[in-house]
There are 2 protein chains.
Amino acid sequence: MNKALVCRLLGLVAMLIGGSMVFSLPWAWLAPGAEWGHERAGFFGLVGSILVCFAVAAGLRYLGRRNGGSLFRKEAMAVVGLSWVLATVLGGLPYVFSGTQWVEGRRMTLVDAMFEAQSGFSTTGATVLTDLEVPDGKPRPPLVARCILFWRSSTHFLGGLGIIVLFVAILGQGSAGKALMRAEMPGPSQATPQARVQHTAWVLFLIYAGLNAALTGLLWLEGVNLFDALCHAFGTMATGGFSTYNASVGHFATRPDLYDGPLIEMTIALFMLLAGTNFMLLYCLAILQPRKMLADIEWRVYLGVILVAAAMVTGFGLLTHDFGPQSGMVPPAASGETSDEEDDKLYVATATRYGLFQVVSIMTTTGFCTDDFDRWNSFGRGVLLLLMFVGGCAGSTGGGLKVIRHILFVKILHLEVEQAFHPTVVRPLRLAGKPVEDQELRRTILVYFGMILAIFIVGWLFTITAEPDSTWIDYGHGQAEHKLIDAASCVAATLNNIGPGLGVIGATKNYANFQWYTKLLFIWLMMIGRLEIYVILVLFIPGFWRTQ
Amino acid sequence: MNKALVCRLLGLVAMLIGGSMVFSLPWAWLAPGAEWGHERAGFFGLVGSILVCFAVAAGLRYLGRRNGGSLFRKEAMAVVGLSWVLATVLGGLPYVFSGTQWVEGRRMTLVDAMFEAQSGFSTTGATVLTDLEVPDGKPRPPLVARCILFWRSSTHFLGGLGIIVLFVAILGQGSAGKALMRAEMPGPSQATPQARVQHTAWVLFLIYAGLNAALTGLLWLEGVNLFDALCHAFGTMATGGFSTYNASVGHFATRPDLYDGPLIEMTIALFMLLAGTNFMLLYCLAILQPRKMLADIEWRVYLGVILVAAAMVTGFGLLTHDFGPQSGMVPPAASGETSDEEDDKLYVATATRYGLFQVVSIMTTTGFCTDDFDRWNSFGRGVLLLLMFVGGCAGSTGGGLKVIRHILFVKILHLEVEQAFHPTVVRPLRLAGKPVEDQELRRTILVYFGMILAIFIVGWLFTITAEPDSTWIDYGHGQAEHKLIDAASCVAATLNNIGPGLGVIGATKNYANFQWYTKLLFIWLMMIGRLEIYVILVLFIPGFWRTQ
């Protein structure tokens with residue numbers, strides 16, 4: 001293990017994080033409603049964190065001063081894994097230094113801060129912050145400074161395509177780049193269309209930044225202020241899910257005097273859909289080759305699953321009248337002026353709006369909410385729970401297992417059943433008509449599903465064992481009976497980088513009330529999910545650190 | 001496909017089932033409390049079923065009259081798969097013909113009967129019969145005739161080591177035997193200690209029959225009448241779980257005037273433990289080589305998991321006072337004569353008794369109950385749900401995924417993590433120090449877990465979609481909120497051949513209130529679980545039936 005090189009690269013990570021924090025500082029003045037009196041602690045918290053980041057960067061640079069040596073697979077894995085651990089700690093400092101309160105009178109602990117930072121970098125969007133807003137018409141100041149809120153959303157942007165991809169693109173590590181890209185690029189890698197990795201990284205970065213800018217502009221045109229527009233664009237394009245409002249994206253629909261809620265929701269849904277698409281396909285779209293996109297088997301399945309799931313969730317929801325007044329919607333009967341038929345049409349339209357948005361949000365692993373889906377029927381909730389494991393396309397910012405893995409998984413199982421009665425006939429695995437050349441793929445796909453299953457079960461067992469019933473009794477439904485399914489959704493929502501889940505972490509609730517050790521588990525699960533297992537798991541294998 | 005041979009063999013199955021029904025007839029007089037008035041319908045129902053079985057056997061024999069041709073893999077799979085389907089229909093006839101009522105005034109439908117028959121043959125022990133007993137002191141006759149009840153337990157005995165193993169042993173299909181054994185013997189096959197399959201089958205049959213006889217004798221010595229002793233022995237040794245009482249094995253503890261409840265429970269627990277052990281190891285034990293048993297890695301893990309799980313379930317249960325008066329236990333405070341210390345000891349002893357019995361019952365996939373574990377804390381219920389997937393040892397009558405598969409699964413995942421940072425070093429899979437020779441094993445284990453996962457998810461999705469909420473609202477807790485976790489436990493309990501699950505199918509409830517199509521799903525899941533997937537799945541592949 002070339003420790004000097006690892007330290008030097010980690011130093012760069014620390015510097016990048018410190019540097020990124022600088023962009024949050026101006027929002028102490030620029031954000032709408034920002035007052036220096038409420039922003040002061042946040043501002044100086046950020047300044048302090050920046051100084052610590054730079055000090056850590058200098059220290060790591062000093063430790064890695066002995067130049068030379070190359071970056072092999074082991075070093076690349078160590079850099080990626082450790083840089084996420086480092087980012088979790090450094091990215092959480094502003095919350096701690098500013099003394100940010102998650103509810104009035106209770107400051108975030110270091111574990112809370114690490115949870116929030118990892119949730120940002122891993123583009124999960126799970127939060128412990130219970131009260132984000134300036135309460136309308138209330139004299140009380142917001143608990144969270146605007147500049148801290150901007151940093152929170154910035155972690156999504158940084159996490160988005162992976163800190164390391166940004167490294168490759170901006171800092172140009174040359175030959176090291178390829179090894180890093182392998183470890184970082186989400187999804188089973190297909191042949192890169194561009195030969196040079198650095199060029200690819202630049203293209204990806206430009207698409208990513210361009211889409212962020214486009215969504216910000218669109219939201220701004222739709223009446224959202226620049227601060228909210230930027231933060232929601234970061235949350236959308238990274239498939240993160242941090243919002244600047246307690247009601248998430250649903251907030252915009254509650255202020256018909258200011259915004260066209262449904263329009264904003266559909267804009268965000270469209271960009272979530274793009275964020276869950278393979279960025280290479282978006283590149284094809286950008287260079288006016290949309291046919292390649294439509295011909296891609298993964299993208300077609302991705303779109304198909306979303307449409308079918310949305311239709312079924314909406315249909316079942318209509319049958320059981322889920323989208324009723326209790327979910328914050330205007331009930332059809334309340335609008336007395338329209339006819340029954342128009343009522344029905346309106347009801348179906350509104351149901352489709354909520355159903356589609358939530359399915360896109362969960363499937364792309366974003367986790368924005370517009371409706372309290374925890375009040376939906378069991379079918380809808382069950383489908384959302386399953387969609388968490390599907391995730392976006394490979395090469396997107398989405399989490400989960402990725403659509404392509406599911407396609408291959410189903411194909412492999414089908415081949416195996418055939419082989420059960422035709423043991424001598426070995427047919428190759430085919431994708432879009434062509435046999436898959438990578439002989440290892442069959443095994444690696446099965447192993448990946450096995451790993452996720454094992455980690456899911458261990459995480460679930462830990463949560464139901466270690467987390468006391470009081471988390472459910474005091475903060476949930478007043479009883480611990482939902483612990484088993486809620487705990488499963490907690491593990492699913494963090495492991496797949498979604499954010500919200502069922503029950504005690506539902507659309508209107510959050511992770512604040514979990515014990516510190518369960519939060520540490522969730523931090524670990526978010527890392528595991530984002531870096532596709534191995535890079536984090538090997539850190540815990542003693543053999544990995546041994547010099548060979 | 002050699003259809004004539006398949007028909008001939010299926011004819012033998014029909015004859016065997018019809019022949020086995022004959023043994024249930026005498027219990028219309030012999031069973032304690034049997035009165036001809038109540039037994040008449042059951043008796044003639046059995047007689048009618050026997051005639052139908054023999055007619056079907058004759059018909060199949062006629063269809064398969066053209067002799068010759070050999071039994072290849074495809075034919076063997078078709079025979080095993082189809083014979084389970086045939087057994088489900090034929091075995092259910094007595095319930096239908098006798099007009100057995102599952103609650104007063106409601107007769108079992110054909111689907112109910114098929115469910116009960118498949119539950120018996122697959123040694124699941126899930127039931128739709130809600131009221132089995134002669135109510136104490138009530139004038140009302142029992143709803144279920146004693147001879148029908150004996151047939152119900154007989155299906156466990158027949159299912160036990162698999163109808164086909166009995167075939168091999170008793171009817172001696174010669175060269176066909178080996179192919180059939182492959183398809184039927186549960187668990188990943190290791191080298192057979194005896195060279196000749198037929199000899200092995202005989203030995204297995206003798207051990208199985210011997211243990212059934214031994215348990216019957218022991219229970220009889222402990223005061224249980226011969227009818228109950230035989231039925232419970234069948235349920236225990238087949239890891240089935242049908243009882244002759246509504247309260248399952250818990251019944252014996254409710255009658256301290258007649259039985260020593262704890263003694264009977266521990267006797268049954270011991271034999272459940274044996275039933276979940278590889279029968280080859282029991283053979284070693286029988287020929288006085290107990291060391292081989294203790295040296296077997298699978299058996300040690302099997303025992304270890306049971307002990308650790310029982311200790312944890314009991315420990316957590318003591319902390320949350322689960323084993324309190326609401327579970328039918330004498331609360332420690334109620335016995336005023338003993339000291340506090342003795343109270344505590346008694347409480348711990350009773351908790352251990354309930355905890356251990358339930359863990360053994362679920363892990364071996366028997367499904368007997370002595371306590372309403374649905375009232376236990378979430379941890380205990382969660383552990384039981386996980387244990388359902390562990391199951392017994394390979395080569396036992398237990399269901400589930402089998403312990404050996406879990407051992408190999410964990411080892412494979414561990415090797416894969418190592419390989420992630422040492423891609424050039426390929427280490428062999430080792431079991432008990434020796435490298436596993438079967439190169440296919442790594443893939444087949446992963447595929448098996450993948451298959452179970454896929455079937456579990458499809459089954460769960462079907463249940464939450466198709467089964468209406470009213471099943472929960474009318475027959476469960478009065479609300480449908482537990483549907484997601486209950487449905488998961490239904491699928492787990494049938495797929496792994498357990499029987500009872502959580503909530504709406506808990507220890508004190510049953511499957512009676514599900515819709516007919518969900519019952520058909522459960523029948524299919526029980527077959528899939530018992531025959532280890534492929535033999536049933538291929539029946540649904542058109543290519544399987546095509547003549548090559």
# chains A, B, ... in the order shown; residues from 1 in each chain; ligands from 1
$ select_by_dssp --residues "segment 69-108 of chain B" --states "strand (DSSP E or B)" --output "list in words"
Gln101, Trp102, Val103, Arg106 and Arg107 of chain B
$ interface_residues --of "chain A" --to "chain B" --cutoff "7 Å" --atoms "only C-alpha atoms" --output "VMD selection string"
chain A and resid 73 to 74 378 to 379 382 413 417 420 to 421 443 446 to 447 450 to 451 464 to 465 483 to 485 534 538
$ select_by_dssp --residues "segment 36-90 of chain A" --states "alpha helix (DSSP H)" --output "count of residues only"
46
$ residues_around --residues "Trp299 of chain A" --least-positions-apart "5" --cutoff "12 Å" --atoms "only C-alpha atoms" --output "mmCIF file with N, CA, C and O atoms, in the first residue's frame"
data_model
loop_
_atom_site.group_PDB
_atom_site.id
_atom_site.type_symbol
_atom_site.label_atom_id
_atom_site.label_comp_id
_atom_site.auth_asym_id
_atom_site.auth_seq_id
_atom_site.Cartn_x
_atom_site.Cartn_y
_atom_site.Cartn_z
ATOM 1 N N LEU A 273 -36.251 12.480 -13.699
ATOM 2 C CA LEU A 273 -36.207 11.434 -14.716
ATOM 3 C C LEU A 273 -34.880 11.480 -15.475
ATOM 4 O O LEU A 273 -34.253 10.445 -15.724
ATOM 5 N N LEU A 274 -34.435 12.692 -15.820
ATOM 6 C CA LEU A 274 -33.158 12.841 -16.521
ATOM 7 C C LEU A 274 -31.993 12.448 -15.609
ATOM 8 O O LEU A 274 -31.033 11.828 -16.052
ATOM 9 N N ALA A 275 -32.094 12.817 -14.330
ATOM 10 C CA ALA A 275 -30.998 12.525 -13.405
ATOM 11 C C ALA A 275 -30.823 11.028 -13.202
ATOM 12 O O ALA A 275 -29.716 10.562 -12.919
ATOM 13 N N GLY A 276 -31.909 10.265 -13.372
ATOM 14 C CA GLY A 276 -31.816 8.823 -13.221
ATOM 15 C C GLY A 276 -31.418 8.115 -14.507
ATOM 16 O O GLY A 276 -31.314 6.896 -14.545
ATOM 17 N N THR A 277 -31.188 8.897 -15.590
ATOM 18 C CA THR A 277 -30.803 8.343 -16.887
ATOM 19 C C THR A 277 -29.285 8.290 -17.000
ATOM 20 O O THR A 277 -28.594 9.128 -16.437
ATOM 21 N N ASN A 278 -28.796 7.297 -17.717
ATOM 22 C CA ASN A 278 -27.359 7.197 -17.973
ATOM 23 C C ASN A 278 -26.872 8.489 -18.640
ATOM 24 O O ASN A 278 -27.399 8.896 -19.675
ATOM 25 N N PHE A 279 -25.856 9.124 -18.047
ATOM 26 C CA PHE A 279 -25.405 10.417 -18.562
ATOM 27 C C PHE A 279 -24.802 10.310 -19.959
ATOM 28 O O PHE A 279 -24.776 11.271 -20.709
ATOM 29 N N MET A 280 -24.325 9.108 -20.279
ATOM 30 C CA MET A 280 -23.818 8.900 -21.640
ATOM 31 C C MET A 280 -24.960 9.030 -22.654
ATOM 32 O O MET A 280 -24.760 9.519 -23.764
ATOM 33 N N LEU A 281 -26.154 8.586 -22.258
ATOM 34 C CA LEU A 281 -27.315 8.706 -23.136
ATOM 35 C C LEU A 281 -27.743 10.167 -23.254
ATOM 36 O O LEU A 281 -28.174 10.612 -24.322
ATOM 37 N N LEU A 282 -27.602 10.904 -22.143
ATOM 38 C CA LEU A 282 -27.917 12.329 -22.201
ATOM 39 C C LEU A 282 -26.950 13.033 -23.153
ATOM 40 O O LEU A 282 -27.313 13.977 -23.860
ATOM 41 N N PRO A 290 -31.026 11.231 -30.554
ATOM 42 C CA PRO A 290 -32.000 10.696 -29.579
ATOM 43 C C PRO A 290 -32.338 9.236 -29.812
ATOM 44 O O PRO A 290 -32.812 8.550 -28.919
ATOM 45 N N ARG A 291 -32.051 8.739 -31.020
ATOM 46 C CA ARG A 291 -32.377 7.337 -31.303
ATOM 47 C C ARG A 291 -31.618 6.385 -30.411
ATOM 48 O O ARG A 291 -32.127 5.359 -29.996
ATOM 49 N N LYS A 292 -30.348 6.756 -30.116
ATOM 50 C CA LYS A 292 -29.539 5.888 -29.257
ATOM 51 C C LYS A 292 -30.188 5.744 -27.887
ATOM 52 O O LYS A 292 -30.138 4.702 -27.256
ATOM 53 N N MET A 293 -30.794 6.841 -27.441
ATOM 54 C CA MET A 293 -31.443 6.831 -26.141
ATOM 55 C C MET A 293 -32.649 5.892 -26.166
ATOM 56 O O MET A 293 -32.825 5.062 -25.277
ATOM 57 N N LEU A 294 -33.448 6.027 -27.206
ATOM 58 C CA LEU A 294 -34.661 5.218 -27.287
ATOM 59 C C LEU A 294 -34.339 3.752 -27.532
ATOM 60 O O LEU A 294 -35.118 2.868 -27.197
ATOM 61 N N GLY A 304 -40.332 2.247 -18.596
ATOM 62 C CA GLY A 304 -41.484 1.350 -18.504
ATOM 63 C C GLY A 304 -41.880 1.078 -17.068
ATOM 64 O O GLY A 304 -43.069 1.132 -16.711
ATOM 65 N N VAL A 305 -40.898 0.784 -16.217
ATOM 66 C CA VAL A 305 -41.195 0.501 -14.806
ATOM 67 C C VAL A 305 -41.848 1.718 -14.158
ATOM 68 O O VAL A 305 -42.843 1.603 -13.425
ATOM 69 N N ILE A 306 -41.304 2.907 -14.448
ATOM 70 C CA ILE A 306 -41.870 4.120 -13.854
ATOM 71 C C ILE A 306 -43.325 4.297 -14.283
ATOM 72 O O ILE A 306 -44.203 4.546 -13.449
ATOM 73 N N GLY A 391 -33.960 1.585 -8.372
ATOM 74 C CA GLY A 391 -32.995 2.667 -8.578
ATOM 75 C C GLY A 391 -32.949 3.143 -10.014
ATOM 76 O O GLY A 391 -33.762 2.762 -10.854
ATOM 77 N N GLY A 392 -31.962 4.002 -10.295
ATOM 78 C CA GLY A 392 -31.811 4.611 -11.604
ATOM 79 C C GLY A 392 -31.027 3.733 -12.570
ATOM 80 O O GLY A 392 -30.807 2.547 -12.327
ATOM 81 N N CYS A 393 -30.637 4.327 -13.697
ATOM 82 C CA CYS A 393 -29.818 3.610 -14.673
ATOM 83 C C CYS A 393 -28.350 3.656 -14.242
ATOM 84 O O CYS A 393 -27.942 4.528 -13.477
ATOM 85 N N ALA A 394 -27.576 2.712 -14.766
ATOM 86 C CA ALA A 394 -26.133 2.758 -14.546
ATOM 87 C C ALA A 394 -25.588 4.027 -15.198
ATOM 88 O O ALA A 394 -26.094 4.468 -16.233
ATOM 89 N N GLY A 395 -24.580 4.649 -14.583
ATOM 90 C CA GLY A 395 -24.008 5.861 -15.153
ATOM 91 C C GLY A 395 -24.846 7.095 -14.908
ATOM 92 O O GLY A 395 -24.606 8.138 -15.496
ATOM 93 N N SER A 396 -25.850 6.994 -14.020
ATOM 94 C CA SER A 396 -26.613 8.168 -13.601
ATOM 95 C C SER A 396 -26.207 8.513 -12.178
ATOM 96 O O SER A 396 -25.364 7.842 -11.587
ATOM 97 N N LYS A 402 -29.705 -0.310 -9.524
ATOM 98 C CA LYS A 402 -29.630 0.062 -10.945
ATOM 99 C C LYS A 402 -30.464 -0.894 -11.800
ATOM 100 O O LYS A 402 -30.451 -2.108 -11.616
ATOM 101 N N VAL A 403 -31.134 -0.296 -12.782
ATOM 102 C CA VAL A 403 -32.067 -1.044 -13.636
ATOM 103 C C VAL A 403 -31.349 -2.166 -14.392
ATOM 104 O O VAL A 403 -31.848 -3.292 -14.486
ATOM 105 N N ILE A 404 -30.140 -1.891 -14.883
ATOM 106 C CA ILE A 404 -29.449 -2.882 -15.709
ATOM 107 C C ILE A 404 -29.180 -4.162 -14.924
ATOM 108 O O ILE A 404 -29.250 -5.264 -15.476
ATOM 109 N N ILE A 407 -32.323 -6.189 -14.932
ATOM 110 C CA ILE A 407 -32.537 -6.836 -16.236
ATOM 111 C C ILE A 407 -31.677 -8.092 -16.332
ATOM 112 O O ILE A 407 -32.152 -9.178 -16.680
ATOM 113 N N ALA A 432 -29.979 -6.968 -25.405
ATOM 114 C CA ALA A 432 -30.367 -6.293 -26.642
ATOM 115 C C ALA A 432 -29.917 -7.103 -27.860
ATOM 116 O O ALA A 432 -29.418 -6.551 -28.836
#
$ atom_distance --atom1 "atom CA of Met1 of chain A" --atom2 "atom CA of Arg546 of chain A"
7.7 Å
$ atom_distance --atom1 "atom CA of Gly235 of chain B" --atom2 "atom CA of Gly120 of chain B"
8.9 Å
$ closest_residue --among "A:Met237, A:Ala58, A:Val111, A:Ala34" --to "Leu149 of chain A" --atoms "only C-alpha atoms"
A:Ala34
$ closest_residue --among "B:Tyr62, B:Phe157, B:Tyr245, B:Tyr283" --to "Glu133 of chain B" --atoms "only C-alpha atoms"
B:Tyr245
$ closest_residue --among "B:Gly501, B:Gly317, B:Gly99, B:Gly91" --to "Trp151 of chain B" --atoms "only C-alpha atoms"
B:Gly91
$ residues_around --residues "Val52 of chain B" --least-positions-apart "6" --cutoff "12 Å" --atoms "only C-alpha atoms" --output "PyMOL selection string"
chain B and resi 11+14-15+17-19+21+45-46+58-59+89-94+97
$ residues_around --residues "segment 339-356 of chain B" --least-positions-apart "5" --cutoff "12 Å" --atoms "only C-alpha atoms" --output "ChimeraX atom specification"
/B:249-250,253,261-270,272-273,303,305-325,327-334,361-364,368-373,376,380-381,383-384
$ atom_distance --atom1 "atom CA of Ser248 of chain B" --atom2 "atom CA of Trp472 of chain B"
22.9 Å
$ residues_around --residues "Leu143 of chain B" --least-positions-apart "2" --cutoff "10 Å" --atoms "only C-alpha atoms" --output "short mmCIF file (atom, residue, chain, number, x, y, z; two decimals) with all heavy atoms, in the first residue's frame"
data_model
loop_
_atom_site.label_atom_id
_atom_site.label_comp_id
_atom_site.auth_asym_id
_atom_site.auth_seq_id
_atom_site.Cartn_x
_atom_site.Cartn_y
_atom_site.Cartn_z
N HIS B 38 -70.78 -39.00 13.94
CA HIS B 38 -69.95 -37.89 13.46
C HIS B 38 -68.91 -38.34 12.45
O HIS B 38 -68.36 -37.54 11.72
CB HIS B 38 -69.25 -37.22 14.64
CG HIS B 38 -70.18 -36.82 15.72
ND1 HIS B 38 -69.85 -36.89 17.04
CD2 HIS B 38 -71.45 -36.36 15.66
CE1 HIS B 38 -70.88 -36.50 17.77
NE2 HIS B 38 -71.87 -36.17 16.96
N GLU B 39 -68.61 -39.63 12.45
CA GLU B 39 -67.54 -40.14 11.60
C GLU B 39 -68.05 -40.59 10.24
O GLU B 39 -67.26 -40.75 9.31
CB GLU B 39 -66.82 -41.30 12.29
CG GLU B 39 -66.15 -40.95 13.61
CD GLU B 39 -64.93 -40.06 13.42
OE1 GLU B 39 -64.22 -40.24 12.40
OE2 GLU B 39 -64.70 -39.18 14.25
N GLY B 99 -67.43 -33.41 3.11
CA GLY B 99 -68.10 -32.16 3.45
C GLY B 99 -67.60 -31.55 4.74
O GLY B 99 -68.35 -30.99 5.54
N THR B 100 -66.28 -31.66 4.99
CA THR B 100 -65.70 -31.15 6.23
C THR B 100 -65.90 -29.63 6.33
O THR B 100 -65.70 -28.91 5.36
CB THR B 100 -64.20 -31.49 6.27
OG1 THR B 100 -64.07 -32.91 6.23
CG2 THR B 100 -63.55 -30.94 7.52
N GLN B 101 -66.34 -29.20 7.52
CA GLN B 101 -66.58 -27.78 7.75
C GLN B 101 -65.37 -27.17 8.45
O GLN B 101 -64.88 -27.70 9.43
CB GLN B 101 -67.82 -27.59 8.63
CG GLN B 101 -69.06 -28.15 7.98
CD GLN B 101 -70.25 -28.14 8.93
OE1 GLN B 101 -70.21 -27.50 9.97
NE2 GLN B 101 -71.29 -28.84 8.56
N TRP B 102 -64.91 -26.02 7.93
CA TRP B 102 -63.75 -25.39 8.59
C TRP B 102 -64.18 -24.49 9.74
O TRP B 102 -63.46 -24.31 10.70
CB TRP B 102 -62.85 -24.67 7.60
CG TRP B 102 -63.48 -23.63 6.75
CD1 TRP B 102 -64.08 -23.83 5.55
CD2 TRP B 102 -63.56 -22.23 7.00
NE1 TRP B 102 -64.54 -22.64 5.05
CE2 TRP B 102 -64.23 -21.65 5.92
CE3 TRP B 102 -63.13 -21.42 8.04
CZ2 TRP B 102 -64.48 -20.28 5.84
CZ3 TRP B 102 -63.37 -20.06 7.96
CH2 TRP B 102 -64.05 -19.50 6.89
N VAL B 103 -65.34 -23.87 9.64
CA VAL B 103 -66.05 -23.38 10.83
C VAL B 103 -67.49 -23.83 10.65
O VAL B 103 -67.88 -24.24 9.56
CB VAL B 103 -66.02 -21.85 11.02
CG1 VAL B 103 -64.68 -21.36 11.49
CG2 VAL B 103 -66.44 -21.14 9.75
N GLU B 104 -68.25 -23.72 11.72
CA GLU B 104 -69.59 -24.29 11.67
C GLU B 104 -70.38 -23.71 10.50
O GLU B 104 -70.47 -22.50 10.32
CB GLU B 104 -70.32 -24.01 12.99
CG GLU B 104 -71.43 -25.00 13.22
CD GLU B 104 -71.74 -25.12 14.71
OE1 GLU B 104 -71.25 -24.28 15.48
OE2 GLU B 104 -72.49 -26.05 15.09
N GLY B 105 -70.93 -24.61 9.69
CA GLY B 105 -71.81 -24.17 8.62
C GLY B 105 -71.10 -23.84 7.32
O GLY B 105 -71.74 -23.57 6.31
N ARG B 107 -68.47 -25.28 4.51
CA ARG B 107 -67.71 -26.45 4.06
C ARG B 107 -66.46 -26.02 3.30
O ARG B 107 -66.43 -24.96 2.69
CB ARG B 107 -68.58 -27.29 3.14
CG ARG B 107 -69.77 -27.85 3.88
CD ARG B 107 -70.49 -28.87 3.07
NE ARG B 107 -71.44 -29.54 3.95
CZ ARG B 107 -72.20 -30.55 3.59
NH1 ARG B 107 -72.09 -31.04 2.37
NH2 ARG B 107 -73.02 -31.10 4.44
N LEU B 129 -58.41 -25.16 8.66
CA LEU B 129 -59.38 -25.69 9.63
C LEU B 129 -59.31 -24.86 10.91
O LEU B 129 -58.27 -24.82 11.57
CB LEU B 129 -59.09 -27.16 9.92
CG LEU B 129 -59.34 -28.10 8.75
CD1 LEU B 129 -58.90 -29.51 9.11
CD2 LEU B 129 -60.81 -28.10 8.38
N THR B 130 -60.41 -24.22 11.24
CA THR B 130 -60.41 -23.29 12.36
C THR B 130 -60.78 -23.98 13.66
O THR B 130 -60.36 -23.58 14.74
CB THR B 130 -61.37 -22.14 12.06
OG1 THR B 130 -61.01 -21.59 10.80
CG2 THR B 130 -61.29 -21.05 13.10
N ASP B 131 -61.60 -25.05 13.58
CA ASP B 131 -62.05 -25.70 14.82
C ASP B 131 -61.92 -27.20 14.68
O ASP B 131 -62.67 -27.84 13.94
CB ASP B 131 -63.50 -25.29 15.11
CG ASP B 131 -63.77 -25.34 16.58
OD1 ASP B 131 -62.94 -25.93 17.32
OD2 ASP B 131 -64.78 -24.78 17.01
N LEU B 132 -60.93 -27.78 15.39
CA LEU B 132 -60.63 -29.21 15.25
C LEU B 132 -61.24 -30.07 16.35
O LEU B 132 -61.42 -31.26 16.16
CB LEU B 132 -59.11 -29.42 15.31
CG LEU B 132 -58.24 -28.77 14.26
CD1 LEU B 132 -56.78 -28.90 14.65
CD2 LEU B 132 -58.49 -29.42 12.92
N GLU B 133 -61.52 -29.47 17.49
CA GLU B 133 -61.70 -30.26 18.71
C GLU B 133 -63.15 -30.57 19.03
O GLU B 133 -64.07 -29.95 18.52
CB GLU B 133 -61.11 -29.49 19.89
CG GLU B 133 -59.63 -29.31 19.78
CD GLU B 133 -59.12 -28.37 20.83
OE1 GLU B 133 -59.56 -28.46 21.99
OE2 GLU B 133 -58.28 -27.53 20.51
N VAL B 134 -63.30 -31.55 19.93
CA VAL B 134 -64.57 -31.73 20.62
C VAL B 134 -64.54 -30.72 21.75
O VAL B 134 -63.72 -30.84 22.65
CB VAL B 134 -64.69 -33.15 21.23
CG1 VAL B 134 -66.10 -33.38 21.73
CG2 VAL B 134 -64.26 -34.18 20.25
N PRO B 135 -65.37 -29.68 21.71
CA PRO B 135 -65.27 -28.67 22.77
C PRO B 135 -65.58 -29.29 24.13
O PRO B 135 -66.57 -30.03 24.25
CB PRO B 135 -66.33 -27.65 22.37
CG PRO B 135 -66.73 -27.99 20.98
CD PRO B 135 -66.47 -29.44 20.80
N ARG B 140 -71.93 -29.92 21.41
CA ARG B 140 -71.71 -29.89 19.96
C ARG B 140 -70.68 -30.93 19.52
O ARG B 140 -69.65 -31.09 20.17
CB ARG B 140 -71.23 -28.47 19.62
CG ARG B 140 -70.73 -28.21 18.26
CD ARG B 140 -70.77 -26.70 18.02
NE ARG B 140 -69.58 -26.00 18.50
CZ ARG B 140 -68.43 -26.01 17.86
NH1 ARG B 140 -68.27 -26.73 16.78
NH2 ARG B 140 -67.41 -25.32 18.30
N PRO B 141 -70.92 -31.66 18.42
CA PRO B 141 -69.94 -32.65 17.95
C PRO B 141 -68.75 -31.92 17.30
O PRO B 141 -68.86 -30.76 16.91
CB PRO B 141 -70.71 -33.43 16.89
CG PRO B 141 -71.71 -32.45 16.38
CD PRO B 141 -72.09 -31.58 17.53
N ALA B 145 -64.16 -34.94 11.36
CA ALA B 145 -64.19 -36.35 11.76
C ALA B 145 -62.77 -36.80 12.11
O ALA B 145 -61.79 -36.33 11.52
CB ALA B 145 -64.74 -37.20 10.62
N ARG B 146 -62.68 -37.72 13.08
CA ARG B 146 -61.36 -38.19 13.53
C ARG B 146 -60.60 -38.89 12.39
O ARG B 146 -59.39 -38.78 12.30
CB ARG B 146 -61.52 -39.16 14.70
CG ARG B 146 -62.18 -38.61 15.94
CD ARG B 146 -61.40 -37.52 16.61
NE ARG B 146 -61.92 -36.21 16.25
CZ ARG B 146 -61.42 -35.06 16.68
NH1 ARG B 146 -60.39 -35.05 17.53
NH2 ARG B 146 -61.92 -33.90 16.30
#
$ residues_around --residues "Glu116 of chain B" --least-positions-apart "6" --cutoff "9 Å" --atoms "only C-alpha atoms" --output "ChimeraX atom specification"
/B:88,91-92,95,125-129,152,523
$ closest_residue --among "B:Thr397, B:Gln358, B:Ser243, B:Ser153" --to "Tyr208 of chain B" --atoms "only C-alpha atoms"
B:Thr397
$ closest_residue --among "B:Phe540, B:Phe121, B:Trp516, B:Tyr475" --to "Thr109 of chain B" --atoms "only C-alpha atoms"
B:Trp516
